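What follows is the content of data00.cif, which has mmCIF, C-alpha atoms:
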```cif
data_work
#
loop_
_atom_site.label_atom_id
_atom_site.label_comp_id
_atom_site.auth_asym_id
_atom_site.auth_seq_id
_atom_site.Cartn_x
_atom_site.Cartn_y
_atom_site.Cartn_z
CA MET A 1 21.19 84.32 205.81
CA GLU A 2 18.11 82.54 204.47
CA SER A 3 19.67 79.11 203.92
CA ARG A 4 22.57 77.22 205.41
CA PRO A 5 26.05 77.89 203.97
CA GLU A 6 27.55 75.58 201.38
CA VAL A 7 29.71 72.70 202.59
CA ARG A 8 33.31 73.05 201.46
CA LEU A 9 35.94 70.32 201.57
CA ALA A 10 39.36 70.16 203.23
CA ARG A 11 41.89 67.34 203.20
CA THR A 12 44.11 66.37 206.12
CA ASP A 13 47.77 65.31 206.05
CA ASP A 14 46.71 61.67 206.38
CA GLY A 15 44.19 61.83 203.52
CA VAL A 16 40.88 62.35 205.36
CA THR A 17 38.34 64.61 203.63
CA LEU A 18 36.46 66.98 205.94
CA GLY A 19 33.33 69.04 205.40
CA TYR A 20 33.30 72.62 206.70
CA GLN A 21 31.32 75.87 206.44
CA VAL A 22 32.31 79.55 206.67
CA PHE A 23 29.78 82.37 207.15
CA GLY A 24 29.35 85.76 208.81
CA GLN A 25 31.68 88.73 209.07
CA GLY A 26 34.28 89.95 211.54
CA PRO A 27 36.97 88.20 213.59
CA VAL A 28 37.16 84.46 212.97
CA LEU A 29 35.67 82.01 215.49
CA VAL A 30 36.08 78.29 214.85
CA TRP A 31 33.31 76.36 216.64
CA MET A 32 35.05 73.02 217.04
CA PRO A 33 33.09 69.77 216.90
CA SER A 34 32.42 66.79 219.08
CA LEU A 35 30.21 64.24 217.30
CA SER A 36 28.65 66.58 214.77
CA ASN A 37 26.63 66.94 211.60
CA ILE A 38 26.90 70.56 210.51
CA VAL A 39 24.20 70.15 207.83
CA ALA A 40 21.61 68.64 210.20
CA GLN A 41 22.48 71.06 213.01
CA TRP A 42 21.13 73.98 210.98
CA ARG A 43 17.64 72.44 211.37
CA ILE A 44 17.83 72.74 215.18
CA PRO A 45 16.18 76.07 216.11
CA ALA A 46 18.57 76.79 219.00
CA PHE A 47 21.68 76.02 216.93
CA ARG A 48 20.46 77.98 213.92
CA ALA A 49 19.71 81.00 216.11
CA ALA A 50 23.16 80.71 217.70
CA TYR A 51 24.90 80.50 214.32
CA LEU A 52 23.04 83.54 213.01
CA GLY A 53 23.59 85.45 216.25
CA LEU A 54 27.33 84.85 216.20
CA ALA A 55 27.54 85.65 212.49
CA ARG A 56 26.32 89.20 213.06
CA ASN A 57 29.75 90.15 214.41
CA LEU A 58 31.99 87.15 213.72
CA THR A 59 33.13 85.00 210.83
CA VAL A 60 32.06 81.55 212.01
CA VAL A 61 33.73 78.32 210.89
CA LEU A 62 32.00 74.98 211.50
CA TYR A 63 33.37 71.59 210.55
CA ASP A 64 32.69 67.90 211.01
CA GLY A 65 35.56 65.93 212.49
CA ARG A 66 36.78 62.72 210.89
CA GLY A 67 34.19 59.97 210.88
CA THR A 68 31.26 62.33 211.39
CA GLY A 69 28.71 64.35 209.45
CA SER A 70 29.83 65.41 205.99
CA SER A 71 33.41 64.20 206.55
CA ASP A 72 34.91 60.82 205.64
CA ARG A 73 33.23 58.00 207.56
CA ARG A 74 35.80 55.35 206.63
CA ILE A 75 38.66 56.17 208.98
CA ASP A 76 41.22 54.45 211.17
CA LEU A 77 39.29 53.80 214.37
CA ASP A 78 42.57 53.31 216.25
CA ASP A 79 43.67 56.86 215.42
CA LEU A 80 41.22 59.16 217.19
CA GLY A 81 43.50 60.74 219.77
CA VAL A 82 44.29 64.43 220.10
CA ASP A 83 46.83 64.38 217.25
CA ALA A 84 44.17 63.19 214.79
CA HIS A 85 41.82 65.99 215.88
CA LEU A 86 44.64 68.52 215.51
CA ARG A 87 45.16 67.35 211.92
CA ASP A 88 41.48 68.03 211.27
CA LEU A 89 41.65 71.56 212.68
CA ARG A 90 44.81 72.44 210.76
CA ALA A 91 43.32 71.14 207.51
CA VAL A 92 40.19 73.27 207.87
CA LEU A 93 42.13 76.43 208.77
CA ASP A 94 44.51 75.93 205.85
CA ALA A 95 41.73 75.15 203.35
CA ALA A 96 39.81 78.25 204.43
CA GLY A 97 42.93 80.41 204.21
CA ILE A 98 42.78 81.32 207.91
CA GLN A 99 46.12 82.00 209.56
CA ARG A 100 44.83 83.08 212.98
CA ALA A 101 41.49 82.50 214.71
CA SER A 102 39.72 82.25 218.04
CA LEU A 103 38.56 78.78 219.06
CA LEU A 104 35.32 77.65 220.70
CA GLY A 105 36.19 74.30 222.30
CA TYR A 106 32.95 72.46 222.98
CA TYR A 107 32.83 69.26 225.05
CA HIS A 108 35.11 66.74 223.29
CA SER A 109 37.02 69.46 221.43
CA VAL A 110 38.14 71.35 224.55
CA THR A 111 41.31 69.25 224.63
CA THR A 112 41.97 69.86 220.94
CA ALA A 113 41.65 73.62 221.43
CA ILE A 114 44.06 73.55 224.38
CA ALA A 115 46.61 71.41 222.55
CA PHE A 116 46.46 73.56 219.40
CA ALA A 117 46.85 76.79 221.39
CA ALA A 118 49.84 75.32 223.24
CA ARG A 119 51.58 73.93 220.16
CA GLU A 120 50.76 76.66 217.63
CA PRO A 121 50.32 79.86 219.67
CA SER A 122 50.74 82.15 216.66
CA ARG A 123 47.51 80.79 215.15
CA VAL A 124 45.21 81.26 218.18
CA GLU A 125 43.83 84.68 219.11
CA ARG A 126 41.54 83.69 222.00
CA MET A 127 39.73 80.62 223.32
CA VAL A 128 36.27 79.96 224.74
CA LEU A 129 35.97 76.57 226.46
CA PHE A 130 32.74 74.88 227.52
CA GLY A 131 31.71 71.44 228.73
CA GLY A 132 35.04 69.59 228.58
CA SER A 133 38.21 69.34 230.61
CA PRO A 134 41.94 68.74 230.01
CA ARG A 135 41.35 65.13 231.11
CA LEU A 136 38.40 64.10 229.01
CA ARG A 137 37.53 61.21 231.29
CA GLU A 138 36.50 63.84 233.88
CA ALA A 139 34.00 65.28 231.42
CA MET A 140 32.60 61.78 230.89
CA GLY A 141 32.31 61.07 234.60
CA PRO A 142 28.76 62.15 235.58
CA ALA A 143 26.41 59.21 236.10
CA GLN A 144 23.94 60.52 233.52
CA THR A 145 26.69 60.64 230.88
CA GLN A 146 27.81 57.11 231.71
CA ALA A 147 24.26 55.83 231.39
CA LEU A 148 23.95 57.46 227.98
CA LEU A 149 27.25 56.10 226.74
CA SER A 150 26.14 52.60 227.66
CA LEU A 151 23.42 52.93 225.02
CA VAL A 152 25.87 53.48 222.13
CA ASP A 153 26.41 49.76 221.52
CA GLN A 154 22.96 48.64 222.62
CA ASP A 155 20.72 50.91 220.52
CA TRP A 156 22.17 53.78 218.47
CA SER A 157 18.76 55.31 217.76
CA LEU A 158 17.79 55.22 221.43
CA PHE A 159 21.13 56.83 222.32
CA ALA A 160 20.37 59.70 219.91
CA ASP A 161 16.93 60.27 221.44
CA ALA A 162 18.23 60.08 224.99
CA ALA A 163 21.18 62.38 224.29
CA ALA A 164 18.89 64.97 222.73
CA THR A 165 16.57 65.09 225.72
CA ALA A 166 18.82 64.38 228.69
CA TRP A 167 22.45 65.09 227.85
CA LEU A 168 22.01 68.30 225.82
CA GLY A 169 18.85 69.39 227.54
CA TRP A 170 16.57 70.07 224.56
CA ASP A 171 13.27 68.86 225.87
CA SER A 172 10.80 70.81 223.75
CA ALA A 173 9.37 68.77 220.92
CA PRO A 174 10.73 70.53 217.78
CA SER A 175 14.27 70.98 219.10
CA GLY A 176 14.34 67.50 220.59
CA ARG A 177 13.28 65.89 217.33
CA TRP A 178 15.84 67.72 215.20
CA THR A 179 18.59 67.32 217.80
CA ALA A 180 18.03 63.57 217.94
CA GLU A 181 18.16 63.45 214.15
CA ALA A 182 21.45 65.36 214.14
CA PHE A 183 22.92 62.87 216.60
CA ARG A 184 21.52 59.87 214.74
CA THR A 185 23.01 60.99 211.42
CA ALA A 186 26.27 62.35 212.83
CA THR A 187 28.04 59.01 212.64
CA THR A 188 27.68 55.26 213.26
CA ALA A 189 27.74 53.39 216.54
CA PRO A 190 31.22 51.84 215.91
CA VAL A 191 32.75 55.25 215.16
CA ALA A 192 31.05 56.82 218.18
CA ARG A 193 32.30 54.02 220.41
CA ALA A 194 35.83 54.50 219.07
CA TRP A 195 35.59 58.26 219.68
CA PHE A 196 34.49 57.78 223.28
CA ASP A 197 37.03 55.03 223.98
CA ALA A 198 39.85 57.23 222.65
CA ALA A 199 38.56 60.20 224.65
CA ARG A 200 39.05 58.37 227.94
CA HIS A 201 42.80 58.44 227.31
CA ILE A 202 43.13 62.05 226.13
CA ASP A 203 44.86 64.25 228.71
CA VAL A 204 46.40 67.61 227.83
CA THR A 205 46.89 68.81 231.40
CA GLY A 206 50.62 69.08 230.80
CA GLU A 207 50.03 71.60 228.00
CA LEU A 208 47.92 74.10 229.96
CA ALA A 209 50.87 76.20 231.13
CA ARG A 210 52.09 76.68 227.55
CA VAL A 211 48.85 78.31 226.37
CA ARG A 212 49.26 82.05 225.79
CA ALA A 213 45.84 82.83 224.32
CA PRO A 214 43.43 84.68 226.65
CA THR A 215 40.73 82.18 227.57
CA LEU A 216 37.13 82.38 228.73
CA VAL A 217 35.94 79.24 230.54
CA LEU A 218 32.16 78.93 230.75
CA HIS A 219 30.30 76.57 233.08
CA ARG A 220 26.55 75.97 233.19
CA GLN A 221 25.45 75.03 236.67
CA GLY A 222 23.38 71.93 237.29
CA GLU A 223 23.30 68.90 239.56
CA GLN A 224 23.81 66.36 236.76
CA GLN A 225 26.77 68.10 235.20
CA ILE A 226 30.54 68.16 235.61
CA PRO A 227 31.48 69.63 239.02
CA VAL A 228 32.57 73.26 238.79
CA GLU A 229 35.84 72.31 240.54
CA VAL A 230 36.96 70.68 237.27
CA PHE A 231 36.62 74.01 235.47
CA ARG A 232 38.23 75.95 238.31
CA ARG A 233 41.31 73.71 238.10
CA MET A 234 41.45 74.19 234.33
CA THR A 235 41.12 77.96 234.73
CA ASP A 236 43.86 78.03 237.37
CA GLY A 237 46.14 75.97 235.11
CA LEU A 238 45.86 78.37 232.18
CA PRO A 239 48.10 81.47 232.37
CA ASP A 240 45.40 83.94 231.23
CA ALA A 241 41.93 82.56 231.87
CA ARG A 242 38.68 83.65 233.49
CA LEU A 243 35.80 81.47 234.63
CA VAL A 244 32.19 82.56 234.31
CA GLU A 245 29.58 80.33 235.96
CA ARG A 246 26.27 80.58 234.11
CA PRO A 247 23.05 79.90 236.00
CA GLY A 248 20.61 77.30 234.78
CA SER A 249 20.38 73.56 234.34
CA THR A 250 20.76 73.07 230.57
CA PRO A 251 24.22 71.61 229.90
CA THR A 252 24.88 73.56 226.72
CA LEU A 253 25.35 77.08 225.41
CA PHE A 254 22.90 79.24 223.49
CA VAL A 255 19.72 77.53 224.72
CA GLU A 256 19.00 78.77 228.23
CA ASP A 257 19.39 82.58 228.28
CA ALA A 258 20.85 82.41 224.79
CA ALA A 259 21.16 86.19 224.43
CA THR A 260 23.56 86.43 227.36
CA ASP A 261 25.62 83.47 226.13
CA LEU A 262 25.90 85.09 222.70
CA ARG A 263 26.97 88.40 224.19
CA LEU A 264 29.59 86.76 226.41
CA VAL A 265 31.16 84.85 223.52
CA THR A 266 30.92 87.65 220.96
CA ASP A 267 32.28 90.35 223.26
CA PHE A 268 35.19 88.18 224.37
CA VAL A 269 36.16 87.16 220.83
CA THR A 270 35.87 90.69 219.43
CA THR A 271 37.33 92.72 222.32
CA GLY A 272 38.79 90.34 224.88
CA ARG A 273 36.49 91.78 227.53
CA VAL A 274 34.24 89.70 229.77
CA HIS A 275 30.93 91.30 230.71
CA ARG A 276 29.71 89.27 233.64
CA PRO A 277 25.90 89.00 233.49
CA ALA A 278 24.13 90.81 236.27
CA LEU A 279 21.42 89.10 238.30
CA ASP A 280 18.62 90.94 240.01
CA SER A 281 18.78 91.33 243.78
CA THR A 282 17.14 87.94 244.33
CA GLY A 283 19.55 86.13 242.01
CA LEU A 284 16.84 85.23 239.47
CA THR A 285 18.18 84.23 236.09
CA PRO A 286 16.73 85.91 232.97
CA ARG A 287 14.75 82.75 232.20
CA GLU A 288 13.33 82.64 235.75
CA GLN A 289 12.34 86.30 235.40
CA GLU A 290 10.52 85.45 232.15
CA VAL A 291 8.67 82.60 233.87
CA LEU A 292 7.74 84.87 236.80
CA GLN A 293 6.39 87.57 234.46
CA LEU A 294 4.20 85.07 232.60
CA LEU A 295 3.05 83.57 235.89
CA ALA A 296 1.99 87.03 237.08
CA ALA A 297 0.13 87.52 233.79
CA GLY A 298 -2.03 84.53 234.66
CA ASP A 299 -0.50 81.92 232.36
CA SER A 300 -0.66 78.27 233.38
CA ASN A 301 2.46 76.10 233.37
CA THR A 302 1.38 74.66 230.02
CA GLU A 303 0.89 78.13 228.54
CA ILE A 304 4.28 79.29 229.85
CA ALA A 305 5.93 76.23 228.34
CA ARG A 306 4.32 76.92 224.96
CA ARG A 307 5.27 80.61 224.97
CA LEU A 308 8.91 79.92 225.88
CA GLY A 309 9.29 76.79 223.74
CA ILE A 310 10.26 74.55 226.66
CA ALA A 311 8.77 71.51 228.36
CA VAL A 312 6.24 71.77 231.19
CA HIS A 313 8.58 69.97 233.60
CA THR A 314 11.25 72.57 232.77
CA VAL A 315 8.79 75.31 233.74
CA GLU A 316 8.14 73.48 237.00
CA ARG A 317 11.87 73.34 237.68
CA HIS A 318 12.24 77.07 237.05
CA LEU A 319 9.29 77.76 239.35
CA ALA A 320 10.79 75.68 242.15
CA ASN A 321 14.06 77.60 241.82
CA LEU A 322 12.47 81.03 241.80
CA TYR A 323 10.14 80.17 244.71
CA ARG A 324 13.23 79.31 246.76
CA LYS A 325 15.07 82.48 245.75
CA ILE A 326 12.25 84.92 246.49
CA GLY A 327 10.99 83.09 249.57
CA ALA A 328 7.60 82.31 248.07
CA ARG A 329 5.46 79.49 249.48
CA GLY A 330 3.77 78.90 246.15
CA ARG A 331 2.11 80.44 243.13
CA THR A 332 0.11 83.07 245.00
CA ASP A 333 3.17 84.41 246.83
CA ALA A 334 5.15 84.51 243.58
CA VAL A 335 2.44 86.51 241.80
CA ALA A 336 2.29 88.90 244.75
CA TYR A 337 6.06 89.28 244.58
CA ALA A 338 5.95 90.05 240.87
CA LEU A 339 3.16 92.61 241.29
CA ARG A 340 4.29 94.31 244.51
CA GLY A 341 7.98 93.42 244.79
CA THR A 342 7.69 91.34 247.98
CA PRO A 343 6.11 87.97 248.75
CA GLY A 344 2.68 88.13 250.35
#
```
Show me, as structure tokens, the structure contained in the file I just sent.
Amino acid sequence: MESRPEVRLARTDDGVTLGYQVFGQGPVLVWMPSLSNIVAQWRIPAFRAAYLGLARNLTVVLYDGRGTGSSDRRIDLDDLGVDAHLRDLRAVLDAAGIQRASLLGYYHSVTTAIAFAAREPSRVERMVLFGGSPRLREAMGPAQTQALLSLVDQDWSLFADAAATAWLGWDSAPSGRWTAEAFRTATTAPVARAWFDAARHIDVTGELARVRAPTLVLHRQGEQQIPVEVFRRMTDGLPDARLVERPGSTPTLFVEDAATDLRLVTDFVTTGRVHRPALDSTGLTPREQEVLQLLAAGDSNTEIARRLGIAVHTVERHLANLYRKIGARGRTDAVAYALRGTPG
């Protein structure tokens, strides 16, 4: 797929026009939006790679929710609760001629996926949930998230830059620049504020028990992120759900160890099976193993960062983690471990 797919149009029951895209082949996966701009997101290397990776085995549907991206911007700002988001999802499925699909609920749209699966079980094959919770205010609770949200009214452009680097974890220059642009053009500050204000009151906890779709709950570990207990409670509340905790500190999918994320999602959507990623005996993540290999090859932190397309401070964080896991006192011990299998 050399260029991004065309944007098609759907219309909701209440007259809102939505932009959506369909591409790939295989079982249908709807990647549901938070604040999105599906046109701009194709310019982000990590997103583009994820879209193309999923499309090898899945028919992928992307869409911009009301008030965002290629969808109508002039909307009722007092009507952004879960029912409005359900109207958007139904409209896209109907316009695309899709009767049944799997759903990827991502951050804000986790609650929409849960509510849709509970209310229209015949239309949902499976669900993958990441980054949100049945009570959306829990997903907005971390101090870093609160600090970012405070920027929405103060400086929309600054919010976009900060969200790109801190909230979503893209700290390499090309991805950060395009991610910030996608945020900046996704919507306006008043619409974003209305989205976030409405989100604080969305709670679909009471609908968890009615969900029949097999569900994969993914959680990326990290000190600044939502506590894993939130996802364990959600998993326990769903009749047929499994939780997989992914190592790493980037609070998104398909960026840190993207190949494993893609395999987890694709395998679950196509077969219903969950292949839990194996760690080596020290518990090193695939990314930490990559950093260790480059370290042993003599690369500096700057060279490792350039080769992997990440920031130098991210390399330093990976090094600190792997030093702790292998019992290394520093660079020399880590190189010795990589070359001989044990720290010197």
Which centre and which edge lengths, in Å to one decimal, describe the axis-aligned box that holds all listed atoms of range 94-110 of chain A after 4 Å is added on each side, as JSON?
```
{"center_x": 39.5, "center_y": 74.9, "center_z": 214.2, "size_x": 21.3, "size_y": 24.3, "size_z": 29.7}
```
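Closest to Glu120 in chain A among A:Gly298, A:Leu86, A:Leu77, A:Ala160 is A:Leu86, based on all atoms listed in the file.
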Could you tell me, as a PyMOL selection string, exactly which residues end up selected when the PyMOL selection byres ((chain A and resi 200) around 12) is applied to this structure? chain A and resi 80-82+108+111+132-141+146+193-199+201-204
I'd like to know which of A:Ala186, A:Val291, A:Ala84, A:Val274 is closest to Ala305 in chain A, using only C-alpha atoms. A:Val291
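Look at Pro45 in chain A: the protein and nucleic acid residues within 10 Å of it, using all atoms listed in the file and passing over chain neighbours fewer than 5 places away, are Ala50, Tyr51, Pro174, Ser175, Gly176, Trp178, Thr179 and Val255 of chain A.
Residues matched by the PyMOL selection byres ((chain A and resi 267) around 12) in this file are A:Gly26, A:Pro27, A:Leu29, A:Leu54, A:Arg56, A:Asn57, A:Leu58, A:Arg126, A:Val128, A:Leu216, A:Ala259, A:Thr260, A:Asp261, A:Leu262, A:Arg263, A:Leu264, A:Val265, A:Thr266, A:Phe268, A:Val269, A:Thr270, A:Thr271, A:Gly272, A:Arg273, A:Val274, A:His275, A:Arg276.
The shell of residues at most 9 Å from range 243-246 of chain A, with only C-alpha atoms counted and near chain neighbours (fewer than 2 positions) removed, consists of Thr215, Leu216, Val217, Leu218, His219, Arg220, Gln221, Val228, Phe231, Arg232, Thr235, Ala241, Gly248, Asp261, Val274, Arg276 and Pro277 of chain A.
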Those residues you just picked out, can you put them in a file as a PDB file, in the coordinates of the input with C-alpha atoms?
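And here's selection.pdb as it stands now:
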```pdb
ATOM      1  CA  THR A 215      40.730  82.180 227.570  1.00  0.00           C
ATOM      2  CA  LEU A 216      37.130  82.380 228.730  1.00  0.00           C
ATOM      3  CA  VAL A 217      35.940  79.240 230.540  1.00  0.00           C
ATOM      4  CA  LEU A 218      32.160  78.930 230.750  1.00  0.00           C
ATOM      5  CA  HIS A 219      30.300  76.570 233.080  1.00  0.00           C
ATOM      6  CA  ARG A 220      26.550  75.970 233.190  1.00  0.00           C
ATOM      7  CA  GLN A 221      25.450  75.030 236.670  1.00  0.00           C
ATOM      8  CA  VAL A 228      32.570  73.260 238.790  1.00  0.00           C
ATOM      9  CA  PHE A 231      36.620  74.010 235.470  1.00  0.00           C
ATOM     10  CA  ARG A 232      38.230  75.950 238.310  1.00  0.00           C
ATOM     11  CA  THR A 235      41.120  77.960 234.730  1.00  0.00           C
ATOM     12  CA  ALA A 241      41.930  82.560 231.870  1.00  0.00           C
ATOM     13  CA  GLY A 248      20.610  77.300 234.780  1.00  0.00           C
ATOM     14  CA  ASP A 261      25.620  83.470 226.130  1.00  0.00           C
ATOM     15  CA  VAL A 274      34.240  89.700 229.770  1.00  0.00           C
ATOM     16  CA  ARG A 276      29.710  89.270 233.640  1.00  0.00           C
ATOM     17  CA  PRO A 277      25.900  89.000 233.490  1.00  0.00           C
TER      18      PRO A 277
END
```
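Of the residues under consideration (A:Glu125, A:Glu256, A:Asp88, A:Asp79), A:Glu256 shows the shortest atom-to-atom contact distance to Gly309 in chain A when counting only C-alpha atoms.
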Would you compute the distance between CA of His85 in chain A and CA of Gly15 in chain A? Give it in Å to one decimal. 13.3 Å
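The spacing separating CA of Leu62 in chain A from CA of Val22 in chain A amounts to 6.7 Å.
Ranking A:Gly327, A:Gly131, A:Pro247, A:Pro286 by their shortest atom-to-atom distance to Met234 in chain A, with only C-alpha atoms included, puts A:Gly131 first.
Using only C-alpha atoms, the nearest neighbour of Ala117 in chain A within the list A:Arg48, A:Arg212, A:Arg100, A:Arg74 is A:Arg212.
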One-decimal distance in Å that lies between CA of Asn321 in chain A and CA of Ala336 in chain A: 16.6 Å
Starting from the PyMOL selection byres ((chain A and resi 72) around 12), expand the selection into actual residues of this file and give them as number ranges by chain. A: 9-12, 14-20, 37, 63-71, 73-76, 88, 186-188, 191
So which residues touch Val315 in chain A within 8 Å, counting all atoms listed in the file, skipping near sequence neighbours fewer than 4 positions away, as an mmCIF file with C-alpha atoms, keeping the file's coordinate frame?
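Output below, filename out.cif:
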```cif
data_model
loop_
_atom_site.group_PDB
_atom_site.id
_atom_site.type_symbol
_atom_site.label_atom_id
_atom_site.label_comp_id
_atom_site.auth_asym_id
_atom_site.auth_seq_id
_atom_site.Cartn_x
_atom_site.Cartn_y
_atom_site.Cartn_z
ATOM 1 C CA VAL A 291 8.670 82.600 233.870
ATOM 2 C CA ASN A 301 2.460 76.100 233.370
ATOM 3 C CA ILE A 304 4.280 79.290 229.850
ATOM 4 C CA ALA A 305 5.930 76.230 228.340
ATOM 5 C CA ILE A 310 10.260 74.550 226.660
ATOM 6 C CA ALA A 311 8.770 71.510 228.360
ATOM 7 C CA LEU A 319 9.290 77.760 239.350
#
```
Shortest contact to Ala192 in chain A, candidates A:Ser109, A:Thr314, A:Gln41, A:Ser34, atoms counted only C-alpha atoms, goes to A:Ser34
What's around Glu207 in chain A at 8 Å? Count only C-alpha atoms, leave out sequence neighbours fewer than 3 positions away in its own chain, and write the answer as a short mmCIF file (atom, residue, chain, number, x, y, z; two decimals) with C-alpha atoms, keeping the file's coordinate frame.
```cif
data_model
loop_
_atom_site.label_atom_id
_atom_site.label_comp_id
_atom_site.auth_asym_id
_atom_site.auth_seq_id
_atom_site.Cartn_x
_atom_site.Cartn_y
_atom_site.Cartn_z
CA ILE A 114 44.06 73.55 224.38
CA ALA A 115 46.61 71.41 222.55
CA ALA A 118 49.84 75.32 223.24
CA VAL A 204 46.40 67.61 227.83
CA ARG A 210 52.09 76.68 227.55
CA VAL A 211 48.85 78.31 226.37
#
```
